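Enquirer: Submitted below is the structure of interest, expressed as structure tokens.
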Amino acid sequence: MVSTLDGITRRGRSRPAQSFADINPPHHAPAGAQNRIRVQVVGPDGTVKQDVQAEGNIVATYGLSRIVALLAGGSMNCSDWIGGMRIGTDNTAAASTDTRLLASTGSVDLTDSGDVAEAGARTLRCVATFASDNPAGAAQIREIGIYASSNVTTGIVARKDLTGAESVNKGASDSLNVSYDLVFTTA
């Protein structure tokens, strides 16, 4: 016979205590973020001279901390998280502790409507056009980064090294159209 007081006031019939693993089972689908970048080199006559697509990333420690701060603060505007984009010529491997690009040559602020927007499927898209004088002259673009501030000097959120076939060759009179996606994933 079972009494409603069994396990509360009487020994022997209580449920076993739950472990941490019972309460928080392992193998949840962990969240992740990755970059998907497309850079088009456009000549002065409007023809696309090079079209590069790259995936993979370093989401910087600052960028992850900024997401947590925005979630905790209740403010979730894209412009509170991303303000600018930079390109550069250094080919040193990226690290999550990076605070800037290593050889930045051009920048664009992303503060206009539509520069940073939700693109569906858990994707945040940043679009920028680097005019032919940004940077001036020819350059081999090997790094690209998204920054928290529109002055694009501090607070790197994410970056990608463009190595090998991913590097972009910009001629002196070429402009660059960049689409930089931050894709949030689960495993």
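Note on naming: chains are A, B, ... as they come in the structure tokens, residues start from 1 per chain, ligands start from 1 in the order shown.
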Just the alpha helix (DSSP H) stuff from stretch 58-172 of chain A, please, per backbone DSSP, written as a PyMOL selection string.
Expert: chain A and resi 61-73
Enquirer: Include C-alpha atoms and write out the residues we just selected as a short mmCIF file (atom, residue, chain, number, x, y, z; two decimals), in the first residue's frame.
Expert:
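What ended up in out37.cif:
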data_model
loop_
_atom_site.label_atom_id
_atom_site.label_comp_id
_atom_site.auth_asym_id
_atom_site.auth_seq_id
_atom_site.Cartn_x
_atom_site.Cartn_y
_atom_site.Cartn_z
CA THR A 61 35.59 37.22 -28.33
CA TYR A 62 34.36 40.82 -28.38
CA GLY A 63 31.57 39.90 -30.84
CA LEU A 64 30.34 37.03 -28.67
CA SER A 65 30.47 39.21 -25.53
CA ARG A 66 28.51 41.89 -27.37
CA ILE A 67 25.74 39.40 -28.26
CA VAL A 68 25.41 38.46 -24.59
CA ALA A 69 25.28 42.14 -23.55
CA LEU A 70 22.56 42.88 -26.12
CA LEU A 71 20.49 39.89 -25.01
CA ALA A 72 20.86 40.86 -21.35
CA GLY A 73 20.00 44.49 -22.06
#
Enquirer: Quick one: residues within 12 Å of stretch 126-129 of chain A, only C-alpha atoms counted, chain neighbours fewer than 4 positions away excluded, as a short mmCIF file (atom, residue, chain, number, x, y, z; two decimals) with N, CA and C atoms, in the first residue's frame?
Expert:
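Contents of out31.cif, freshly written:
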data_model
loop_
_atom_site.label_atom_id
_atom_site.label_comp_id
_atom_site.auth_asym_id
_atom_site.auth_seq_id
_atom_site.Cartn_x
_atom_site.Cartn_y
_atom_site.Cartn_z
N ASN A 35 30.81 32.54 -40.89
CA ASN A 35 30.75 33.59 -41.89
C ASN A 35 30.54 32.97 -43.27
N ARG A 36 29.84 33.70 -44.09
CA ARG A 36 29.71 33.35 -45.51
C ARG A 36 29.89 34.68 -46.24
N ILE A 37 30.94 34.77 -47.04
CA ILE A 37 31.32 36.05 -47.63
C ILE A 37 31.35 35.94 -49.15
N ARG A 38 30.89 36.99 -49.79
CA ARG A 38 30.98 37.09 -51.25
C ARG A 38 31.55 38.46 -51.58
N VAL A 39 32.61 38.46 -52.39
CA VAL A 39 33.25 39.71 -52.82
C VAL A 39 33.30 39.70 -54.34
N GLN A 40 32.78 40.77 -54.93
CA GLN A 40 32.86 40.93 -56.38
C GLN A 40 33.74 42.12 -56.70
N VAL A 41 34.72 41.92 -57.58
CA VAL A 41 35.55 43.00 -58.07
C VAL A 41 34.88 43.50 -59.34
N VAL A 42 34.52 44.79 -59.34
CA VAL A 42 33.79 45.38 -60.46
C VAL A 42 34.67 46.43 -61.13
N CYS A 78 20.28 45.60 -34.93
CA CYS A 78 21.54 45.24 -35.59
C CYS A 78 22.56 46.35 -35.45
N SER A 79 22.11 47.60 -35.53
CA SER A 79 23.04 48.73 -35.45
C SER A 79 23.69 48.86 -34.08
N TRP A 81 24.98 46.32 -32.66
CA TRP A 81 26.00 45.28 -32.66
C TRP A 81 27.04 45.49 -33.76
N ILE A 82 26.61 45.96 -34.93
CA ILE A 82 27.51 46.10 -36.07
C ILE A 82 27.42 47.51 -36.63
N GLY A 83 28.59 48.13 -36.85
CA GLY A 83 28.60 49.50 -37.35
C GLY A 83 29.48 49.73 -38.56
N GLY A 84 30.39 48.79 -38.87
CA GLY A 84 31.28 49.04 -39.99
C GLY A 84 31.98 47.79 -40.48
N MET A 85 32.64 47.93 -41.65
CA MET A 85 33.37 46.82 -42.28
C MET A 85 34.71 47.36 -42.74
N ARG A 86 35.76 46.54 -42.61
CA ARG A 86 37.09 46.89 -43.08
C ARG A 86 37.64 45.76 -43.94
N ILE A 87 38.52 46.13 -44.87
CA ILE A 87 39.27 45.16 -45.66
C ILE A 87 40.75 45.45 -45.45
N GLY A 106 41.01 49.76 -46.12
CA GLY A 106 39.80 50.47 -46.50
C GLY A 106 38.68 50.18 -45.53
N SER A 107 37.75 51.13 -45.39
CA SER A 107 36.62 50.92 -44.47
C SER A 107 35.36 51.56 -45.01
N VAL A 108 34.23 50.99 -44.57
CA VAL A 108 32.90 51.51 -44.91
C VAL A 108 32.06 51.44 -43.64
N ASP A 109 31.33 52.54 -43.34
CA ASP A 109 30.41 52.43 -42.20
C ASP A 109 29.13 51.75 -42.67
N LEU A 110 28.51 51.03 -41.75
CA LEU A 110 27.29 50.27 -42.08
C LEU A 110 26.11 50.83 -41.29
N THR A 111 25.92 52.14 -41.36
CA THR A 111 24.88 52.77 -40.57
C THR A 111 23.65 53.18 -41.37
N ASP A 112 23.68 53.01 -42.69
CA ASP A 112 22.51 53.34 -43.51
C ASP A 112 21.50 52.21 -43.45
N SER A 113 20.24 52.54 -43.64
CA SER A 113 19.18 51.54 -43.66
C SER A 113 19.48 50.50 -44.73
N GLY A 114 19.42 49.25 -44.37
CA GLY A 114 19.66 48.17 -45.32
C GLY A 114 21.09 47.68 -45.35
N ASP A 115 22.04 48.40 -44.72
CA ASP A 115 23.43 47.94 -44.69
C ASP A 115 23.56 46.65 -43.89
N VAL A 116 22.80 46.54 -42.81
CA VAL A 116 22.79 45.35 -41.96
C VAL A 116 21.34 44.95 -41.77
N ALA A 117 21.00 43.75 -42.18
CA ALA A 117 19.60 43.32 -42.11
C ALA A 117 19.51 41.81 -41.95
N GLU A 118 18.36 41.37 -41.44
CA GLU A 118 18.10 39.94 -41.36
C GLU A 118 17.83 39.44 -42.77
N ALA A 119 18.51 38.34 -43.14
CA ALA A 119 18.36 37.80 -44.49
C ALA A 119 17.62 36.46 -44.47
N ASP A 133 38.55 54.27 -54.82
CA ASP A 133 39.58 54.96 -54.03
C ASP A 133 39.62 54.49 -52.57
N ASN A 134 38.99 53.35 -52.29
CA ASN A 134 38.89 52.85 -50.90
C ASN A 134 39.24 51.36 -50.86
N PRO A 135 40.49 50.98 -50.89
CA PRO A 135 41.71 51.80 -50.82
C PRO A 135 42.12 52.32 -52.20
N ILE A 144 39.10 40.50 -44.09
CA ILE A 144 37.89 41.31 -44.05
C ILE A 144 37.29 41.16 -42.65
N GLY A 145 36.77 42.24 -42.11
CA GLY A 145 36.22 42.18 -40.76
C GLY A 145 35.00 43.06 -40.59
N ILE A 146 34.16 42.66 -39.64
CA ILE A 146 32.98 43.41 -39.24
C ILE A 146 33.27 44.02 -37.87
N TYR A 147 32.94 45.29 -37.71
CA TYR A 147 33.23 46.02 -36.48
C TYR A 147 31.95 46.50 -35.81
N ALA A 158 33.71 40.02 -36.03
CA ALA A 158 34.07 38.80 -36.75
C ALA A 158 35.05 39.15 -37.85
N ASP A 174 39.13 49.65 -59.78
CA ASP A 174 38.06 48.71 -59.46
C ASP A 174 37.38 49.06 -58.14
N SER A 175 36.11 48.71 -58.04
CA SER A 175 35.39 48.81 -56.77
C SER A 175 35.08 47.40 -56.29
N LEU A 176 34.73 47.27 -55.02
CA LEU A 176 34.41 45.96 -54.43
C LEU A 176 33.00 45.99 -53.86
N ASN A 177 32.20 45.00 -54.23
CA ASN A 177 30.88 44.80 -53.62
C ASN A 177 31.01 43.61 -52.67
N VAL A 178 30.70 43.83 -51.41
CA VAL A 178 30.89 42.79 -50.40
C VAL A 178 29.56 42.47 -49.73
N SER A 179 29.28 41.19 -49.62
CA SER A 179 28.16 40.68 -48.84
C SER A 179 28.77 39.77 -47.77
N TYR A 180 28.62 40.13 -46.51
CA TYR A 180 29.21 39.39 -45.40
C TYR A 180 28.07 38.88 -44.53
N ASP A 181 27.84 37.57 -44.55
CA ASP A 181 26.76 36.97 -43.78
C ASP A 181 27.30 36.36 -42.49
N LEU A 182 26.63 36.61 -41.41
CA LEU A 182 26.87 35.89 -40.15
C LEU A 182 25.70 34.92 -40.02
N VAL A 183 26.00 33.63 -40.11
CA VAL A 183 24.97 32.59 -40.10
C VAL A 183 25.02 31.90 -38.75
#
Enquirer: What does the distance between atom CA of A:Thr163 and atom CA of A:Gly120 come to in Å, to one decimal place?
Expert: 28.0 Å
Enquirer: For stretch 97-99 of chain A, list every protein, DNA or RNA residue within 7 Å, evaluated using only C-alpha atoms, and leave out those in the same chain fewer than 5 positions away; present the list as number ranges by chain.
Expert: A: 60-61, 154-156
Enquirer: Which is closest to A:Lys170 among A:Thr47, A:Ser96, A:Gln53, A:Gln140, if we use only C-alpha atoms?
Expert: A:Gln140
